[in-house]
Amino acid sequence: MRVLLVGGGGREHALALGLSGDPAVTQLMAAPGNPGIAGVAELRAVTPTDPAAVAALAVETAADLVVIGPEAPLVAGVADAVRAKGIAVFGPSAEAARLEGSKAFAKDVMTAAGVPTARAYVCTDEESTARALDEFGAPYVVKDDGLAAGKGVVVTDDRSVALAHARECGRVVVEEFLNGPEVSLFVVTDGEAALPLLPAQDFKRIGDGDTGPNTGGMGAYAPLPWAPAGLVDEVMRDVVHPTLAELRRRGTPFGGLLYVGLAMTAAGPRVIEFNARFGDPETQVVLALLETPLGGLLQAAATGTLAGHPPLRWRPGAAVTVVLAAQGYPAAPRTGDVITGADRPGIIHAGTARRAGDGALLSAGGRVLCGTATGADLAAARAAAYALVNGVELAGSQHRTDIAAAAVDGRITIPG
């Protein structure tokens, strides 16, 4: 099977590692890829958000399967363009990808499907935003209606900050705050059948103790020792299958990866958001534990044969990933700095590039790379992940020191 992977971030490096380990994958290409992905795949130049260009590349490379990593190409309709060429695609149509592309659309689908989620209002001016903020009270939750690379959400006790974020975004969704630890659940689906992966937890804020601004994610771990028994079955029953059924009813079936972001509240799991692709950095830990060959799983979803796929197999133990970010991230990340110590197994590249001439590895984004490790238990995996990150040299870099610490210490509780 010849696979073309679209994207070039940390999530795509993790996917490339998984795909390259599948004996059924005979050739792996990535467009545009990154220096880490270059170690396991043939890199091709393409603009990932250009549907015609990606479709032409899929034809040129005689790809049997195209796997689309990031959200922007999905919302731009890349999957539609490739499918129109008769090539199997793992990733939803542009219409179905609106689950991530528009928070308002996602809320409408959840309401129609009876999915448990926060009460919310879609606001387009300051007056309606102010009314919604006053109704829900602090902490205030304001979400950009469009794509924002994981940084379009503000959660604050300061009403003026919430209003300022709404003004900056234009169209927003104002929600009631959901109190409780968060869970990320990835679900592979062909639109009808659905297979859940291991639940994970990520860390969105830049600083230890969940302080500072939101980011695309500063680390993650799996599995969740504190998650209640039956959680996945409950979410599949109450969230995933009703959502997939509603999208089928609308004539826009969702095939690909449905990401369900949950808050574990006193009233039970509540959906915070949907994404239309693998989440980053949770992908790094979930795929590190997946024993089932990844290429065959994604192909089954892309070809509508997921119902016949064998049950998923998982490696024992746990996985932790710690993100190393550039100086100034997330507001104004500095790029172009030399990176050393990143040539070890377990280092996954996100925002990196090679310098012309000497080939030195440089920082080229906000989240530069991450250290991903497995272990017999969460404490062992955590220690190994931090050993990886601490061995990397990047001037001014920053990382959280508390990824998975509360879970290791048994300090995570669900509100009663």
# chains A, B, ... in the order shown; residues from 1 in each chain; ligands from 1
call {"tool": "closest_atom_pairs", "arguments": {"of": "region 144-211 of chain A", "to": "region 294-303 of chain A", "cutoff": "8 Å", "atoms": "only C-alpha atoms", "output": "JSON lines"}}
result
{"residue": "A:Val188", "atom": "CA", "partner": "A:Ala301", "partner_atom": "CA", "distance": 6.8}
{"residue": "A:Thr189", "atom": "CA", "partner": "A:Ala301", "partner_atom": "CA", "distance": 5.5}
{"residue": "A:Asp190", "atom": "CA", "partner": "A:Ala301", "partner_atom": "CA", "distance": 4.4}
call {"tool": "write_last_selection", "arguments": {"atoms": "N, CA and C atoms", "output": "compact mmCIF listing (two decimals), in the first residue's frame"}}
result
# COMPACT_ATOMS: atom_id res chain seq x y z
N VAL A 188 -11.84 6.51 15.42
CA VAL A 188 -11.68 6.24 13.99
C VAL A 188 -13.04 5.77 13.46
N THR A 189 -13.51 6.38 12.36
CA THR A 189 -14.84 6.05 11.86
C THR A 189 -14.89 6.13 10.35
N ASP A 190 -15.75 5.31 9.76
CA ASP A 190 -16.01 5.42 8.32
C ASP A 190 -17.37 6.08 8.06
call {"tool": "select_by_dssp", "arguments": {"residues": "region 135-339 of chain A", "states": "strand (DSSP E or B)", "output": "number ranges by chain"}}
result
A: 140-144, 153-156, 172-175, 182-189, 194-196, 200-202, 205-207, 211-214, 219-222, 256-265, 268-275, 290, 314, 318-325, 338-339
call {"tool": "select_by_dssp", "arguments": {"residues": "region 42-117 of chain A", "states": "helix (DSSP H, G or I)", "output": "PyMOL selection string"}}
result
chain A and resi 51-60+71-76+78-83+98-101+103-113
call {"tool": "write_last_selection", "arguments": {"atoms": "C-alpha atoms", "output": "CSV table (one decimal), in the first residue's frame"}}
result
chain,number,residue,atom,x,y,z
A,51,PRO,CA,-7.0,20.9,-2.9
A,52,ALA,CA,-6.0,20.7,-6.6
A,53,ALA,CA,-2.3,20.5,-5.8
A,54,VAL,CA,-2.7,17.7,-3.3
A,55,ALA,CA,-5.1,15.8,-5.5
A,56,ALA,CA,-2.6,16.0,-8.4
A,57,LEU,CA,0.2,14.8,-6.1
A,58,ALA,CA,-1.9,11.8,-5.0
A,59,VAL,CA,-2.4,10.9,-8.7
A,60,GLU,CA,1.3,11.5,-9.6
A,71,GLU,CA,-7.4,20.7,10.1
A,72,ALA,CA,-6.9,23.5,7.6
A,73,PRO,CA,-6.6,21.2,4.6
A,74,LEU,CA,-9.7,19.3,5.7
A,75,VAL,CA,-11.8,22.5,6.0
A,76,ALA,CA,-10.4,23.7,2.7
A,78,VAL,CA,-8.6,18.6,0.2
A,79,ALA,CA,-10.3,15.3,1.1
A,80,ASP,CA,-13.1,16.1,-1.4
A,81,ALA,CA,-10.6,16.8,-4.2
A,82,VAL,CA,-8.6,13.6,-3.6
A,83,ARG,CA,-11.8,11.5,-3.4
A,98,ARG,CA,-17.2,22.0,9.8
A,99,LEU,CA,-17.5,20.2,13.1
A,100,GLU,CA,-14.1,21.7,13.8
A,101,GLY,CA,-14.2,24.6,11.4
A,103,LYS,CA,-17.9,26.0,16.8
A,104,ALA,CA,-21.4,27.3,16.0
A,105,PHE,CA,-22.0,24.4,13.6
A,106,ALA,CA,-20.7,21.9,16.1
A,107,LYS,CA,-23.1,23.2,18.7
A,108,ASP,CA,-26.0,23.0,16.3
A,109,VAL,CA,-25.1,19.3,15.5
A,110,MET,CA,-24.8,18.5,19.2
A,111,THR,CA,-28.1,20.1,20.0
A,112,ALA,CA,-29.9,18.2,17.2
A,113,ALA,CA,-28.2,14.9,18.3
call {"tool": "closest_residue", "arguments": {"among": "A:Ala94, A:Ala332, A:Val183, A:Cys370", "to": "Ile414 (chain A)", "atoms": "only C-alpha atoms"}}
result
A:Val183
call {"tool": "atom_distance", "arguments": {"atom1": "CA of Arg315 (chain A)", "atom2": "CA of Ala38 (chain A)"}}
result
26.0 Å
call {"tool": "closest_residue", "arguments": {"among": "A:Ala406, A:Val122, A:Ile37, A:Ala383", "to": "Ala353 (chain A)", "atoms": "only C-alpha atoms"}}
result
A:Ile37
call {"tool": "atom_distance", "arguments": {"atom1": "CA of Leu19 (chain A)", "atom2": "CA of Pro293 (chain A)"}}
result
7.5 Å
call {"tool": "atom_distance", "arguments": {"atom1": "CA of Ile412 (chain A)", "atom2": "CA of Gly268 (chain A)"}}
result
15.4 Å
call {"tool": "closest_residue", "arguments": {"among": "A:Ala288, A:Ile339, A:Leu185, A:Ile206", "to": "His13 (chain A)", "atoms": "only C-alpha atoms"}}
result
A:Ala288
call {"tool": "closest_residue", "arguments": {"among": "A:Gly212, A:Gly21, A:Pro225, A:Gly219", "to": "Asp280 (chain A)", "atoms": "only C-alpha atoms"}}
result
A:Gly219
call {"tool": "residues_around", "arguments": {"residues": "Pro181 (chain A)", "least_positions_apart": "3", "cutoff": "12 Å", "atoms": "only C-alpha atoms", "output": "list in words"}}
result
Leu178, Ser184, Ala200, Gln201, Asp202, Phe203, Asp210, Leu224, Trp226, Ala227, Pro228, Gly261, Leu262, Ala263, Met264, Thr265, Ala266, Gly268, Pro269, Arg270, Ile272, Ala406, Ala407, Arg411, Ile412, Thr413, Ile414 and Pro415 of chain A
call {"tool": "write_last_selection", "arguments": {"atoms": "C-alpha atoms", "output": "PDB file, in the first residue's frame"}}
result
ATOM      1  CA  LEU A 178     -17.502  23.169  32.577  1.00  0.00           C
ATOM      2  CA  SER A 184      -9.408  13.585  24.803  1.00  0.00           C
ATOM      3  CA  ALA A 200      -5.668  10.695  26.817  1.00  0.00           C
ATOM      4  CA  GLN A 201      -5.265  14.007  28.603  1.00  0.00           C
ATOM      5  CA  ASP A 202      -3.415  17.021  27.244  1.00  0.00           C
ATOM      6  CA  PHE A 203      -2.195  20.259  28.825  1.00  0.00           C
ATOM      7  CA  ASP A 210      -2.308  25.367  34.097  1.00  0.00           C
ATOM      8  CA  LEU A 224      -5.880   7.699  32.341  1.00  0.00           C
ATOM      9  CA  TRP A 226      -8.306   8.016  37.179  1.00  0.00           C
ATOM     10  CA  ALA A 227     -10.953   7.675  34.435  1.00  0.00           C
ATOM     11  CA  PRO A 228     -14.139   5.913  35.557  1.00  0.00           C
ATOM     12  CA  GLY A 261     -12.841  16.826  23.870  1.00  0.00           C
ATOM     13  CA  LEU A 262     -14.627  16.196  27.173  1.00  0.00           C
ATOM     14  CA  ALA A 263     -14.928  17.704  30.629  1.00  0.00           C
ATOM     15  CA  MET A 264     -15.606  15.212  33.410  1.00  0.00           C
ATOM     16  CA  THR A 265     -18.185  17.191  35.383  1.00  0.00           C
ATOM     17  CA  ALA A 266     -20.280  16.292  38.414  1.00  0.00           C
ATOM     18  CA  GLY A 268     -21.070  13.300  33.852  1.00  0.00           C
ATOM     19  CA  PRO A 269     -19.004  13.740  30.680  1.00  0.00           C
ATOM     20  CA  ARG A 270     -19.793  16.909  28.708  1.00  0.00           C
ATOM     21  CA  ILE A 272     -16.163  20.784  25.149  1.00  0.00           C
ATOM     22  CA  ALA A 406      -0.979  14.983  39.120  1.00  0.00           C
ATOM     23  CA  ALA A 407      -2.017  11.648  37.595  1.00  0.00           C
ATOM     24  CA  ARG A 411      -4.295  14.055  42.631  1.00  0.00           C
ATOM     25  CA  ILE A 412      -6.948  14.101  39.886  1.00  0.00           C
ATOM     26  CA  THR A 413     -10.537  13.946  41.066  1.00  0.00           C
ATOM     27  CA  ILE A 414     -13.852  14.228  39.265  1.00  0.00           C
ATOM     28  CA  PRO A 415     -16.323  16.668  40.911  1.00  0.00           C
TER      29      PRO A 415
END
call {"tool": "residues_around", "arguments": {"residues": "region 355-363 of chain A", "least_positions_apart": "6", "cutoff": "7 Å", "atoms": "only C-alpha atoms", "output": "PyMOL selection string"}}
result
chain A and resi 335-339
call {"tool": "write_last_selection", "arguments": {"atoms": "C-alpha atoms", "output": "compact mmCIF listing (two decimals), in the first residue's frame"}}
result
# COMPACT_ATOMS: atom_id res chain seq x y z
CA THR A 335 12.60 30.87 15.11
CA GLY A 336 15.89 30.16 13.41
CA ASP A 337 17.80 28.91 16.47
CA VAL A 338 20.04 25.85 16.22
CA ILE A 339 18.82 22.66 17.90
call {"tool": "closest_residue", "arguments": {"among": "A:Val153, A:Val286, A:Ala267, A:Ala276", "to": "Gly69 (chain A)", "atoms": "only C-alpha atoms"}}
result
A:Ala276
call {"tool": "residues_around", "arguments": {"residues": "Ala16 (chain A)", "least_positions_apart": "2", "cutoff": "10 Å", "atoms": "only C-alpha atoms", "output": "list in words"}}
result
Val3, Leu4, Leu5, Gly8, Gly10, Arg11, Glu12, His13, Ala14, Gly18, Leu19, Ser20, Gly21, Leu28, Met29, Ala30, Gly33, Gly36, Ile37, Ala38, Gly39, Val40, Ala41, Val67, Leu294 and Gly295 of chain A
call {"tool": "closest_atom_pairs", "arguments": {"of": "region 138-253 of chain A", "to": "region 327-330 of chain A", "cutoff": "10 Å", "atoms": "only C-alpha atoms", "output": "Markdown table"}}
result
| residue | atom | partner | partner_atom | distance |
| --- | --- | --- | --- | --- |
| A:Lys151 | CA | A:Pro330 | CA | 8.5 |
| A:Arg205 | CA | A:Pro330 | CA | 9.7 |
| A:Ile206 | CA | A:Pro330 | CA | 7.7 |
| A:Gly212 | CA | A:Pro330 | CA | 9.8 |
| A:Pro213 | CA | A:Pro330 | CA | 7.6 |
| A:Asn214 | CA | A:Pro330 | CA | 7.9 |
| A:Thr215 | CA | A:Pro330 | CA | 6.2 |
| A:Gly216 | CA | A:Pro330 | CA | 8.6 |
call {"tool": "write_last_selection", "arguments": {"atoms": "C-alpha atoms", "output": "compact mmCIF listing (two decimals), in the first residue's frame"}}
result
# COMPACT_ATOMS: atom_id res chain seq x y z
CA LYS A 151 -5.46 29.02 20.61
CA ARG A 205 -1.83 26.23 28.96
CA ILE A 206 1.76 27.32 28.60
CA GLY A 212 -0.79 31.46 31.27
CA PRO A 213 -2.38 31.56 27.82
CA ASN A 214 -3.77 28.64 25.86
CA THR A 215 -1.49 26.89 23.40
CA GLY A 216 -1.80 24.11 20.87
call {"tool": "closest_residue", "arguments": {"among": "A:Leu198, A:Ile68, A:Val161, A:Leu369", "to": "Asn34 (chain A)", "atoms": "only C-alpha atoms"}}
result
A:Leu369
